[in-house]
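Chemist: The file below is input11.txt, compact mmCIF, C-alpha atoms and all ligand atoms:
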```txt
# COMPACT_ATOMS: atom_id res chain seq x y z
CA MET W 1 25.85 2.08 2.03
CA PRO W 2 24.04 4.81 4.01
CA GLY W 3 24.15 8.23 2.40
CA THR W 4 21.21 10.47 1.58
CA VAL W 5 17.69 9.18 0.96
CA THR W 6 14.90 11.24 -0.57
CA ILE W 7 11.41 10.18 0.49
CA LEU W 8 8.65 11.36 -1.84
CA GLY W 9 5.39 11.76 0.09
CA ALA W 10 5.12 13.22 3.58
CA GLY W 11 1.98 11.30 4.53
CA ALA W 12 1.81 8.51 7.08
CA MET W 13 4.23 6.07 5.49
CA GLY W 14 6.75 8.54 4.09
CA SER W 15 7.15 10.30 7.41
CA ALA W 16 7.22 6.99 9.28
CA LEU W 17 10.11 5.61 7.27
CA ALA W 18 12.26 8.51 8.45
CA THR W 19 12.54 6.64 11.78
CA PRO W 20 14.26 3.44 10.60
CA LEU W 21 16.19 5.22 7.84
CA SER W 22 17.64 7.75 10.28
CA ALA W 23 18.40 4.99 12.76
CA ALA W 24 20.21 3.10 9.98
CA GLY W 25 22.46 6.11 9.41
CA TRP W 26 20.81 7.82 6.42
CA GLU W 27 20.43 11.54 6.01
CA VAL W 28 16.69 11.80 5.35
CA HIS W 29 15.13 14.34 2.98
CA LEU W 30 11.33 14.24 3.24
CA TRP W 31 9.47 15.88 0.35
CA GLY W 32 5.78 16.69 0.65
CA THR W 33 3.40 16.85 -2.31
CA TRP W 34 1.30 19.93 -3.08
CA LEU W 35 -1.31 18.33 -0.82
CA ASP W 36 0.98 18.00 2.19
CA ASP W 37 1.62 21.60 3.29
CA HIS W 38 -0.40 21.23 6.49
CA LEU W 39 1.48 18.04 7.39
CA LEU W 40 4.87 19.70 6.90
CA ALA W 41 3.73 22.76 8.86
CA ALA W 42 2.81 20.61 11.84
CA CYS W 43 6.17 18.80 11.70
CA GLN W 44 8.04 22.09 11.37
CA ALA W 45 6.24 23.35 14.47
CA GLY W 46 7.67 20.33 16.33
CA GLU W 47 4.25 18.69 16.66
CA PRO W 48 3.63 14.99 16.07
CA HIS W 49 2.89 14.11 12.46
CA PRO W 50 -0.91 14.46 12.09
CA ARG W 51 -1.29 11.05 10.40
CA THR W 52 0.85 8.94 12.76
CA GLY W 53 0.76 10.86 16.02
CA VAL W 54 4.54 10.46 16.23
CA ARG W 55 7.23 13.18 15.99
CA LEU W 56 9.50 13.01 12.95
CA ALA W 57 12.91 11.43 13.47
CA ALA W 58 15.39 14.09 14.62
CA GLY W 59 17.45 15.55 11.79
CA THR W 60 14.88 14.87 9.04
CA ARG W 61 15.04 17.70 6.49
CA LEU W 62 11.71 18.85 5.11
CA TYR W 63 11.06 20.02 1.54
CA ALA W 64 7.84 21.56 0.21
CA SER W 65 6.34 20.62 -3.15
CA ASP W 66 8.17 23.40 -5.04
CA GLN W 67 11.53 22.15 -3.71
CA LEU W 68 11.66 18.84 -5.54
CA ASP W 69 15.15 19.36 -7.01
CA GLU W 70 16.52 20.57 -3.65
CA ALA W 71 15.05 17.48 -1.99
CA PHE W 72 17.29 15.35 -4.21
CA THR W 73 20.52 17.19 -3.37
CA GLY W 74 23.12 14.47 -2.85
CA ALA W 75 20.46 11.73 -3.00
CA ASP W 76 21.67 8.12 -3.24
CA LEU W 77 18.31 6.42 -2.79
CA THR W 78 14.65 7.21 -3.56
CA VAL W 79 11.64 6.08 -1.55
CA VAL W 80 8.20 6.58 -3.11
CA ALA W 81 5.51 6.76 -0.40
CA ILE W 82 2.67 8.37 -2.34
CA ALA W 83 -0.86 7.02 -2.22
CA SER W 84 -1.35 4.92 -5.34
CA GLN W 85 -3.48 7.38 -7.34
CA GLY W 86 -0.71 9.99 -7.21
CA VAL W 87 2.34 7.78 -7.85
CA LEU W 88 2.68 8.20 -11.63
CA ASP W 89 2.19 11.94 -11.50
CA VAL W 90 4.82 12.46 -8.80
CA VAL W 91 7.32 10.03 -10.32
CA ARG W 92 6.97 11.71 -13.74
CA ARG W 93 8.02 15.03 -12.17
CA ALA W 94 10.95 13.44 -10.34
CA LEU W 95 12.20 11.07 -13.08
CA PRO W 96 15.54 12.78 -13.86
CA ASN W 97 16.39 12.96 -10.16
CA ILE W 98 15.26 9.39 -9.44
CA SER W 99 17.34 8.09 -12.35
CA ARG W 100 20.52 9.28 -10.60
CA THR W 101 19.82 7.23 -7.45
CA ARG W 102 20.84 3.63 -6.77
CA ALA W 103 17.31 2.22 -6.36
CA LEU W 104 13.66 3.19 -6.07
CA LEU W 105 11.91 1.71 -3.04
CA LEU W 106 8.15 1.65 -3.68
CA THR W 107 5.83 1.46 -0.66
CA SER W 108 2.63 2.37 -2.53
CA LYS W 109 -0.10 -0.27 -2.64
CA GLY W 110 -2.26 -0.02 -5.71
CA PHE W 111 -2.64 -0.52 -9.45
CA ALA W 112 -2.08 1.77 -12.40
CA PRO W 113 -4.73 1.88 -15.13
CA ASN W 114 -3.53 3.40 -18.41
CA ASP W 115 -5.63 5.59 -20.71
CA GLU W 116 -7.07 2.55 -22.49
CA GLY W 117 -8.17 1.05 -19.17
CA HIS W 118 -5.43 -1.60 -19.16
CA VAL W 119 -4.52 -2.31 -15.53
CA GLN W 120 -0.86 -2.70 -14.65
CA LEU W 121 1.12 -3.41 -11.53
CA LEU W 122 2.80 -0.21 -10.36
CA PRO W 123 6.43 -1.15 -11.18
CA ASP W 124 5.45 -2.09 -14.76
CA ALA W 125 3.65 1.23 -15.13
CA LEU W 126 6.68 3.11 -13.76
CA ARG W 127 9.05 1.35 -16.15
CA ASP W 128 6.72 2.17 -19.10
CA LEU W 129 6.51 5.79 -17.98
CA ALA W 130 10.30 6.08 -17.78
CA ALA W 131 10.70 4.47 -21.21
CA GLU W 132 8.18 6.93 -22.71
CA GLU W 133 10.13 9.83 -21.23
CA GLY W 134 13.45 8.35 -22.35
CA VAL W 135 14.78 8.09 -18.80
CA GLU W 136 16.42 5.02 -17.30
CA LEU W 137 14.98 4.06 -13.92
CA PRO W 138 17.16 2.46 -11.27
CA PRO W 139 16.05 -0.98 -10.06
CA ILE W 140 12.62 -0.91 -8.40
CA VAL W 141 12.30 -2.56 -4.99
CA ALA W 142 8.69 -3.36 -4.07
CA VAL W 143 8.25 -2.85 -0.33
CA GLY W 144 5.53 -4.97 1.26
CA GLY W 145 4.68 -6.77 4.44
CA PRO W 146 2.85 -5.93 7.67
CA CYS W 147 4.00 -2.37 8.33
CA LYS W 148 1.64 0.01 10.10
CA ALA W 149 3.00 3.50 9.56
CA ASN W 150 2.42 4.58 13.16
CA GLU W 151 4.35 1.58 14.51
CA VAL W 152 7.21 2.03 12.07
CA ALA W 153 7.35 5.71 13.09
CA ALA W 154 7.46 4.78 16.75
CA GLY W 155 10.36 2.39 16.14
CA ARG W 156 8.46 -0.80 17.02
CA TRP W 157 9.46 -4.21 15.63
CA THR W 158 8.44 -4.48 11.98
CA ALA W 159 9.10 -7.14 9.34
CA ALA W 160 9.02 -5.92 5.75
CA ILE W 161 9.62 -7.77 2.50
CA PHE W 162 11.64 -6.27 -0.35
CA GLY W 163 10.93 -7.67 -3.82
CA CYS W 164 13.24 -6.87 -6.73
CA ARG W 165 13.73 -8.75 -9.99
CA ASP W 166 17.43 -8.53 -9.20
CA GLU W 167 17.43 -10.15 -5.78
CA SER W 168 20.95 -8.90 -5.06
CA VAL W 169 19.60 -5.31 -5.13
CA ALA W 170 16.83 -6.27 -2.68
CA GLU W 171 19.51 -7.82 -0.49
CA GLU W 172 21.71 -4.71 -0.68
CA MET W 173 18.77 -2.45 0.22
CA ALA W 174 17.57 -4.68 3.06
CA LYS W 175 21.05 -4.47 4.60
CA ALA W 176 21.26 -0.72 4.01
CA VAL W 177 18.02 0.08 5.87
CA ALA W 178 18.10 -2.57 8.60
CA THR W 179 17.85 -1.50 12.23
CA PRO W 180 17.32 -3.62 15.34
CA ALA W 181 13.56 -2.91 14.96
CA TYR W 182 12.98 -2.69 11.18
CA ARG W 183 14.18 -5.56 9.04
CA ALA W 184 13.27 -6.84 5.60
CA GLU W 185 13.40 -10.28 4.04
CA VAL W 186 14.08 -10.40 0.32
CA THR W 187 12.65 -12.05 -2.76
CA SER W 188 13.00 -11.79 -6.52
CA ASP W 189 9.20 -12.05 -6.76
CA GLU W 190 8.44 -8.39 -7.47
CA ALA W 191 5.09 -9.28 -9.09
CA GLY W 192 3.96 -11.33 -6.08
CA VAL W 193 4.74 -8.53 -3.61
CA GLU W 194 3.04 -6.00 -5.88
CA ILE W 195 -0.22 -7.94 -6.33
CA CYS W 196 -0.50 -8.82 -2.62
CA ALA W 197 -0.02 -5.21 -1.52
CA PRO W 198 -3.23 -3.73 -2.97
CA MET W 199 -5.26 -6.92 -2.73
CA LYS W 200 -4.77 -7.38 1.00
CA ASN W 201 -6.35 -3.92 1.36
CA VAL W 202 -9.37 -5.17 -0.60
CA TYR W 203 -9.75 -8.29 1.52
CA ALA W 204 -9.20 -6.38 4.77
CA ILE W 205 -12.49 -4.58 4.06
CA ALA W 206 -14.26 -7.94 4.46
CA LEU W 207 -12.32 -8.70 7.67
CA GLY W 208 -13.48 -5.37 9.07
CA LEU W 209 -17.04 -6.19 8.14
CA ALA W 210 -17.00 -9.16 10.55
CA ASP W 211 -15.75 -6.85 13.32
CA GLY W 212 -18.49 -4.33 12.56
CA LEU W 213 -21.13 -7.06 12.75
CA GLY W 214 -19.80 -7.98 16.18
CA GLU W 215 -20.14 -4.37 17.35
CA ARG W 216 -23.60 -4.06 15.88
CA HIS W 217 -24.95 -7.21 17.50
CA GLY W 218 -22.88 -7.11 20.69
CA GLU W 219 -21.47 -10.56 20.06
CA PRO W 220 -18.29 -11.60 18.25
CA HIS W 221 -18.25 -12.89 14.69
CA HIS W 222 -14.74 -14.31 14.94
CA ASP W 223 -15.64 -17.51 13.08
CA LEU W 224 -16.78 -15.49 10.10
CA LYS W 225 -13.67 -13.32 10.30
CA ALA W 226 -11.37 -16.37 10.36
CA ALA W 227 -13.18 -18.03 7.45
CA THR W 228 -12.88 -14.75 5.56
CA PHE W 229 -9.15 -14.62 6.32
CA ALA W 230 -8.59 -18.15 5.00
CA GLN W 231 -10.56 -17.44 1.82
CA ALA W 232 -8.69 -14.18 1.31
CA VAL W 233 -5.35 -16.00 1.47
CA ARG W 234 -6.62 -18.60 -1.02
CA GLU W 235 -7.59 -15.80 -3.38
CA LEU W 236 -4.25 -14.01 -2.90
CA VAL W 237 -2.61 -17.24 -4.08
CA VAL W 238 -4.86 -17.34 -7.18
CA LEU W 239 -4.10 -13.70 -8.00
CA THR W 240 -0.37 -14.06 -7.39
CA HIS W 241 -0.28 -17.01 -9.75
CA MET W 242 -2.24 -14.95 -12.32
CA VAL W 243 0.46 -12.25 -12.49
CA GLY W 244 3.28 -14.78 -12.67
CA GLY W 245 4.27 -14.54 -9.01
CA ASP W 246 5.20 -17.23 -6.50
CA PRO W 247 2.29 -18.45 -4.31
CA VAL W 248 4.72 -18.53 -1.36
CA THR W 249 4.72 -14.73 -1.48
CA ALA W 250 0.95 -14.76 -0.89
CA THR W 251 1.19 -16.99 2.17
CA GLY W 252 4.10 -15.04 3.68
CA LEU W 253 4.70 -11.47 4.88
CA ALA W 254 3.44 -9.78 1.70
CA GLY W 255 0.10 -11.59 1.65
CA ALA W 256 -1.06 -13.28 4.85
CA GLY W 257 1.18 -11.12 7.05
CA ASP W 258 -0.01 -7.80 5.66
CA LEU W 259 -3.61 -9.04 5.58
CA GLU W 260 -3.39 -9.84 9.29
CA VAL W 261 -2.08 -6.42 10.32
CA THR W 262 -4.55 -4.58 8.11
CA GLY W 263 -7.41 -6.73 9.45
CA LEU W 264 -6.37 -5.82 13.01
CA SER W 265 -6.24 -2.05 12.66
CA GLY W 266 -5.80 -0.78 9.09
CA ARG W 267 -7.91 1.95 7.56
CA ASN W 268 -9.38 -0.60 5.13
CA LYS W 269 -10.56 -2.72 8.03
CA VAL W 270 -12.00 0.37 9.73
CA TYR W 271 -13.96 1.07 6.55
CA GLY W 272 -15.27 -2.51 6.44
CA ALA W 273 -16.29 -2.30 10.10
CA ARG W 274 -18.43 0.73 9.33
CA ILE W 275 -20.22 -1.24 6.64
CA GLY W 276 -20.64 -4.14 9.08
CA ARG W 277 -22.23 -1.76 11.58
CA GLY W 278 -24.82 -0.89 8.96
CA GLU W 279 -23.52 2.27 7.26
CA PRO W 280 -23.98 2.54 3.50
CA ALA W 281 -20.65 1.83 1.76
CA ASP W 282 -20.52 5.10 -0.15
CA ARG W 283 -21.35 7.28 2.85
CA ALA W 284 -18.73 5.59 5.04
CA LEU W 285 -16.12 6.14 2.32
CA ALA W 286 -17.00 9.82 1.93
CA GLU W 287 -16.73 10.38 5.68
CA MET W 288 -13.34 8.67 5.87
CA ALA W 289 -12.06 10.72 2.92
CA ALA W 290 -13.20 13.90 4.67
CA ALA W 291 -11.17 12.82 7.70
CA GLU W 292 -8.09 12.26 5.44
CA GLN W 293 -8.30 8.48 5.90
CA THR W 294 -7.09 6.87 2.68
CA VAL W 295 -9.02 3.66 1.89
CA GLU W 296 -7.00 2.27 -0.98
CA GLY W 297 -8.90 -1.04 -1.07
CA VAL W 298 -11.88 0.60 -2.76
CA PRO W 299 -10.22 1.75 -6.00
CA ALA W 300 -8.01 -1.35 -5.88
CA ALA W 301 -11.06 -3.67 -5.84
CA ARG W 302 -12.50 -2.06 -8.96
CA LEU W 303 -9.17 -2.12 -10.77
CA ALA W 304 -8.72 -5.76 -9.72
CA ARG W 305 -12.04 -6.55 -11.44
CA SER W 306 -10.56 -5.19 -14.69
CA LEU W 307 -7.24 -6.94 -14.07
CA VAL W 308 -8.95 -10.34 -13.74
CA ASP W 309 -11.18 -9.67 -16.76
CA GLN W 310 -8.10 -8.73 -18.78
CA ARG W 311 -5.72 -11.47 -17.64
CA ASN W 312 -7.86 -14.52 -16.85
CA PRO W 313 -11.66 -14.21 -16.60
CA GLY W 314 -11.79 -17.98 -16.13
CA ALA W 315 -10.44 -17.39 -12.60
CA TRP W 316 -13.65 -15.71 -11.34
CA PRO W 317 -15.12 -18.96 -9.87
CA ASP W 318 -12.00 -19.10 -7.64
CA LEU W 319 -12.51 -15.51 -6.48
CA PRO W 320 -15.91 -15.52 -4.71
CA LEU W 321 -14.78 -13.15 -1.96
CA LEU W 322 -13.50 -10.56 -4.40
CA SER W 323 -16.86 -10.79 -6.21
CA ALA W 324 -18.69 -10.31 -2.91
CA ILE W 325 -16.62 -7.26 -1.97
CA LEU W 326 -17.30 -5.69 -5.37
CA ASP W 327 -21.04 -6.24 -4.89
CA ILE W 328 -20.85 -4.63 -1.44
CA LEU W 329 -18.98 -1.59 -2.75
CA ASP W 330 -21.67 -1.30 -5.41
CA GLY W 331 -24.32 -1.11 -2.67
CA HIS W 332 -25.46 -4.72 -2.06
CA SER W 333 -28.38 -4.69 0.38
CA ASP W 334 -27.06 -7.40 2.74
CA PRO W 335 -23.24 -7.20 2.93
CA ALA W 336 -22.88 -9.71 5.79
CA GLN W 337 -24.89 -12.41 4.02
CA ARG W 338 -22.96 -11.73 0.82
CA VAL W 339 -19.60 -12.31 2.57
CA ALA W 340 -20.90 -15.39 4.42
CA ASP W 341 -22.09 -16.91 1.15
CA ALA W 342 -18.64 -16.29 -0.35
CA VAL W 343 -16.54 -17.78 2.44
CA LEU W 344 -18.62 -20.57 4.02
CA PRO W 345 -18.49 -24.01 2.41
CA ARG W 346 -21.47 -24.56 0.13
CA GLY W 347 -22.91 -27.33 2.39
N1 LIG W 401 -0.12 3.86 6.23
C1 LIG W 401 0.43 2.67 6.33
O1 LIG W 401 0.42 2.03 7.40
C2 LIG W 401 1.08 2.06 5.15
C3 LIG W 401 0.96 2.61 3.90
N2 LIG W 401 1.56 2.00 2.84
C4 LIG W 401 1.38 2.49 1.50
O2 LIG W 401 2.18 3.63 1.30
C5 LIG W 401 1.47 4.57 0.48
C6 LIG W 401 1.34 5.87 1.22
O3 LIG W 401 0.50 5.62 2.34
P1 LIG W 401 0.17 6.67 3.41
O4 LIG W 401 1.39 7.48 3.67
O5 LIG W 401 -0.52 6.02 4.53
O6 LIG W 401 -0.89 7.54 2.63
P2 LIG W 401 -1.35 8.99 2.91
O7 LIG W 401 -2.82 9.00 2.79
O8 LIG W 401 -0.79 9.51 4.17
O9 LIG W 401 -0.76 9.76 1.64
C7 LIG W 401 0.57 9.61 1.20
C8 LIG W 401 0.96 10.70 0.26
O10 LIG W 401 0.29 10.60 -1.01
C9 LIG W 401 -0.24 11.86 -1.34
N3 LIG W 401 -1.35 11.78 -2.29
C10 LIG W 401 -2.55 11.23 -2.11
N4 LIG W 401 -3.29 11.34 -3.24
C11 LIG W 401 -2.51 11.99 -4.13
C12 LIG W 401 -2.70 12.43 -5.48
N5 LIG W 401 -3.84 12.18 -6.13
N6 LIG W 401 -1.68 13.06 -6.09
C13 LIG W 401 -0.53 13.28 -5.44
N7 LIG W 401 -0.30 12.91 -4.18
C14 LIG W 401 -1.29 12.26 -3.53
C15 LIG W 401 -0.66 12.33 0.00
O11 LIG W 401 -1.14 13.59 -0.01
P3 LIG W 401 -2.38 13.88 1.00
O12 LIG W 401 -1.72 14.34 2.25
O13 LIG W 401 -3.21 14.93 0.44
O14 LIG W 401 -3.17 12.61 1.13
C16 LIG W 401 0.61 12.06 0.76
O15 LIG W 401 1.67 12.87 0.37
C17 LIG W 401 0.10 3.97 0.22
O16 LIG W 401 0.03 3.46 -1.08
C18 LIG W 401 -0.04 2.90 1.27
O17 LIG W 401 -0.77 1.77 0.85
C19 LIG W 401 2.34 0.94 3.00
C20 LIG W 401 2.48 0.34 4.22
C21 LIG W 401 1.85 0.85 5.37
O1 LIG W 402 -0.60 -1.29 4.38
C1 LIG W 402 -0.81 -1.15 5.56
C2 LIG W 402 -0.15 -2.01 6.55
O2 LIG W 402 0.88 -2.79 6.00
C3 LIG W 402 -1.78 -0.12 6.04
O3 LIG W 402 -3.08 -0.52 5.78
P1 LIG W 402 -4.27 0.56 5.77
O4 LIG W 402 -4.07 1.39 4.52
O5 LIG W 402 -5.54 -0.26 5.74
O6 LIG W 402 -4.14 1.36 7.04
```
Output the file's structure in the form of structure tokens.

Modeler:
Amino acid sequence: MPGTVTILGAGAMGSALATPLSAAGWEVHLWGTWLDDHLLAACQAGEPHPRTGVRLAAGTRLYASDQLDEAFTGADLTVVAIASQGVLDVVRRALPNISRTRALLLTSKGFAPNDEGHVQLLPDALRDLAAEEGVELPPIVAVGGPCKANEVAAGRWTAAIFGCRDESVAEEMAKAVATPAYRAEVTSDEAGVEICAPMKNVYAIALGLADGLGERHGEPHHDLKAATFAQAVRELVVLTHMVGGDPVTATGLAGAGDLEVTGLSGRNKVYGARIGRGEPADRALAEMAAAEQTVEGVPAARLARSLVDQRNPGAWPDLPLLSAILDILDGHSDPAQRVADAVLPRG
């Protein structure tokens, strides 16, 4: 199918996807938000993208925030690669253009709270938004799996998972973007992919904490990290079930796979490591924000608290690690002990 793809968001992931999409034969239009001018300027100057350290794929056309309509000239496909807090705002502006494309691929990992505080998965919120505006959205394909933007940008082997309620659309898209290095498996479990995506960021904070403890004490805490990993996967299964998804999604690329890569080197893990080294949670977050390091697990954890309260508060006893992470974000005085108590057997 290759034709023209418009990528909304010129941050790490949006710019990275230009690599496989170009390699798969697409003409790539990369649109930057009103916050991305400095990123586009660096790319225009032929420098590596500031967030990935990798040069944009040759031939990528760049569009500034006031060129949204131009960015959709001839577009057949939309990719949304906006950090979660900006997704609804950007999609609202682009709705008429998006509606003329074959599908909307959504890489963002987060939740959408509405004005009444009701927490939705992003695709549900996007469909509601489109209905309110009287616009018909194309099928949404949730993009998940262990995909570090810098590795995708560099053209290294990456396995993604595409989740669409209409599995044939996921299949069509997976074929249309496949390269020897970037390939996607498909599922009809949109909800499962969409709950695992933000929640693995939350749990990766706890994985990072074990690494930070190791650095602080000069001795590894791999046992704690592994126990944390296993508990995180158990809780991803509980949460996936809660939103009507398939537990297999939680144990595959979208859940365990993405948790692993984020626990190795993601920004959420880096944040957790700072807490493990002894930094106060709020100060570490402020310093990462100042360095343009998005830590999506923090807002996601708090929205997940509301999601569980709204959908099934009876599940809290099965979510001790999520409870621990929330306490740590709220300033718990002994984060390491709090995680250990959540993931070690009671004895
Ligand atoms: N980085 C990665 O390895 C991966 C990321 N993802 C997901 O893809 C999405 C994008 O990630 P990534 O590219 O790393 O994120 P970035 O931090 O690089 O930001 C992505 C884009 O979102 C914009 N943005 C941030 N906040 C707002 C806002 N309030 N309003 C409008 N626009 C906003 C950014 O602008 P600004 O430049 O100002 O931040 C940028 O254009 C995320 O949800 C992430 O979870 C998925 C897989 C891997
Ligand atoms: O989602 C990611 C990898 O799949 C990136 O994770 P971080 O946001 O923690 O860097």

Chemist: Can you tell me, as lines of an AutoDock Vina configuration file, the centre and edge lengths (Å, one decimal) of the axis-aligned box enclosing all of ligand LIG 402 (chain W)'s listed atoms after padding each side by 5 Å?

Modeler:
```
center_x = -2.3
center_y = -0.7
center_z = 5.7
size_x = 16.4
size_y = 14.2
size_z = 12.7
```

Chemist: Please provide the set of residues having any atom within 12 Å of W:Arg305, restricted to all atoms listed in the file, with same-chain residues fewer than 2 positions apart removed, written as a ChimeraX atom specification.

Modeler: /W:111,113,117-119,199,202,239,298-303,307-313,315-316,319-327

Chemist: The selected residues should be written to file as a CSV table (one decimal), in the frame of the given file (atoms: C-alpha atoms).

Modeler:
```
chain,number,residue,atom,x,y,z
W,111,PHE,CA,-2.6,-0.5,-9.4
W,113,PRO,CA,-4.7,1.9,-15.1
W,117,GLY,CA,-8.2,1.0,-19.2
W,118,HIS,CA,-5.4,-1.6,-19.2
W,119,VAL,CA,-4.5,-2.3,-15.5
W,199,MET,CA,-5.3,-6.9,-2.7
W,202,VAL,CA,-9.4,-5.2,-0.6
W,239,LEU,CA,-4.1,-13.7,-8.0
W,298,VAL,CA,-11.9,0.6,-2.8
W,299,PRO,CA,-10.2,1.8,-6.0
W,300,ALA,CA,-8.0,-1.4,-5.9
W,301,ALA,CA,-11.1,-3.7,-5.8
W,302,ARG,CA,-12.5,-2.1,-9.0
W,303,LEU,CA,-9.2,-2.1,-10.8
W,307,LEU,CA,-7.2,-6.9,-14.1
W,308,VAL,CA,-9.0,-10.3,-13.7
W,309,ASP,CA,-11.2,-9.7,-16.8
W,310,GLN,CA,-8.1,-8.7,-18.8
W,311,ARG,CA,-5.7,-11.5,-17.6
W,312,ASN,CA,-7.9,-14.5,-16.8
W,313,PRO,CA,-11.7,-14.2,-16.6
W,315,ALA,CA,-10.4,-17.4,-12.6
W,316,TRP,CA,-13.6,-15.7,-11.3
W,319,LEU,CA,-12.5,-15.5,-6.5
W,320,PRO,CA,-15.9,-15.5,-4.7
W,321,LEU,CA,-14.8,-13.2,-2.0
W,322,LEU,CA,-13.5,-10.6,-4.4
W,323,SER,CA,-16.9,-10.8,-6.2
W,324,ALA,CA,-18.7,-10.3,-2.9
W,325,ILE,CA,-16.6,-7.3,-2.0
W,326,LEU,CA,-17.3,-5.7,-5.4
W,327,ASP,CA,-21.0,-6.2,-4.9
```

Chemist: Go through W:Thr73, W:Val237, W:Gln293, W:Gly208 one by one, measure the shortest atom-to-atom distance of each to W:Glu260 using all atoms listed in the file, and give the residue with the smallest value.

Modeler: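 For W:Glu260, the nearest of the candidates is W:Gly208.
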
Chemist: List as a list in words the protein and nucleic acid residues lying within 6 Å of ligand LIG 402 (chain W), with all atoms listed in the file counted.

Modeler: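 Residues lying within 6 Å of ligand LIG 402 (chain W): Gly145, Pro146, Cys147, Lys148, Asn201, Asp258, Thr262, Gly266, Arg267 and Asn268 of chain W.
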
Chemist: Please return as number ranges by chain the residues found within 7 Å of ligand LIG 401 (chain W), counting all atoms listed in the file.

Modeler: W: 9-14, 32-33, 35-36, 51, 81-87, 89-90, 107-110, 144, 147-150, 292-294, 296

Chemist: Could you jot down the atom CA of W:Lys175 to atom CA of W:Thr6 separation for me, Å, one decimal place?

Modeler: 17.6 Å

Chemist: Can you complete the atoms of stretch 303-307 of chain W to all heavy atoms and list them as an mmCIF file, in the frame of the given file?

Modeler:
```cif
data_model
loop_
_atom_site.group_PDB
_atom_site.id
_atom_site.type_symbol
_atom_site.label_atom_id
_atom_site.label_comp_id
_atom_site.auth_asym_id
_atom_site.auth_seq_id
_atom_site.Cartn_x
_atom_site.Cartn_y
_atom_site.Cartn_z
ATOM 1 N N LEU W 303 -10.220 -1.882 -9.773
ATOM 2 C CA LEU W 303 -9.170 -2.120 -10.770
ATOM 3 C C LEU W 303 -8.844 -3.617 -10.843
ATOM 4 O O LEU W 303 -8.518 -4.136 -11.918
ATOM 5 C CB LEU W 303 -7.924 -1.303 -10.420
ATOM 6 C CG LEU W 303 -8.117 0.211 -10.603
ATOM 7 C CD1 LEU W 303 -6.960 0.996 -9.983
ATOM 8 C CD2 LEU W 303 -8.260 0.561 -12.085
ATOM 9 N N ALA W 304 -8.971 -4.314 -9.708
ATOM 10 C CA ALA W 304 -8.720 -5.760 -9.720
ATOM 11 C C ALA W 304 -9.762 -6.470 -10.593
ATOM 12 O O ALA W 304 -9.457 -7.457 -11.264
ATOM 13 C CB ALA W 304 -8.757 -6.318 -8.304
ATOM 14 N N ARG W 305 -11.004 -5.949 -10.577
ATOM 15 C CA ARG W 305 -12.040 -6.550 -11.440
ATOM 16 C C ARG W 305 -11.564 -6.482 -12.907
ATOM 17 O O ARG W 305 -11.637 -7.473 -13.635
ATOM 18 C CB ARG W 305 -13.342 -5.778 -11.274
ATOM 19 C CG ARG W 305 -14.392 -6.171 -12.292
ATOM 20 C CD ARG W 305 -15.814 -5.771 -11.929
ATOM 21 N NE ARG W 305 -15.956 -4.463 -11.358
ATOM 22 C CZ ARG W 305 -16.979 -4.086 -10.568
ATOM 23 N NH1 ARG W 305 -17.931 -4.941 -10.276
ATOM 24 N NH2 ARG W 305 -17.060 -2.873 -10.074
ATOM 25 N N SER W 306 -11.043 -5.324 -13.305
ATOM 26 C CA SER W 306 -10.560 -5.190 -14.690
ATOM 27 C C SER W 306 -9.335 -6.071 -14.924
ATOM 28 O O SER W 306 -9.197 -6.686 -15.984
ATOM 29 C CB SER W 306 -10.179 -3.734 -14.981
ATOM 30 O OG SER W 306 -11.259 -2.892 -14.727
ATOM 31 N N LEU W 307 -8.453 -6.123 -13.924
ATOM 32 C CA LEU W 307 -7.240 -6.940 -14.070
ATOM 33 C C LEU W 307 -7.600 -8.399 -14.346
ATOM 34 O O LEU W 307 -7.048 -9.033 -15.249
ATOM 35 C CB LEU W 307 -6.386 -6.834 -12.806
ATOM 36 C CG LEU W 307 -5.053 -7.561 -12.850
ATOM 37 C CD1 LEU W 307 -3.986 -6.696 -13.506
ATOM 38 C CD2 LEU W 307 -4.590 -7.941 -11.443
#
```
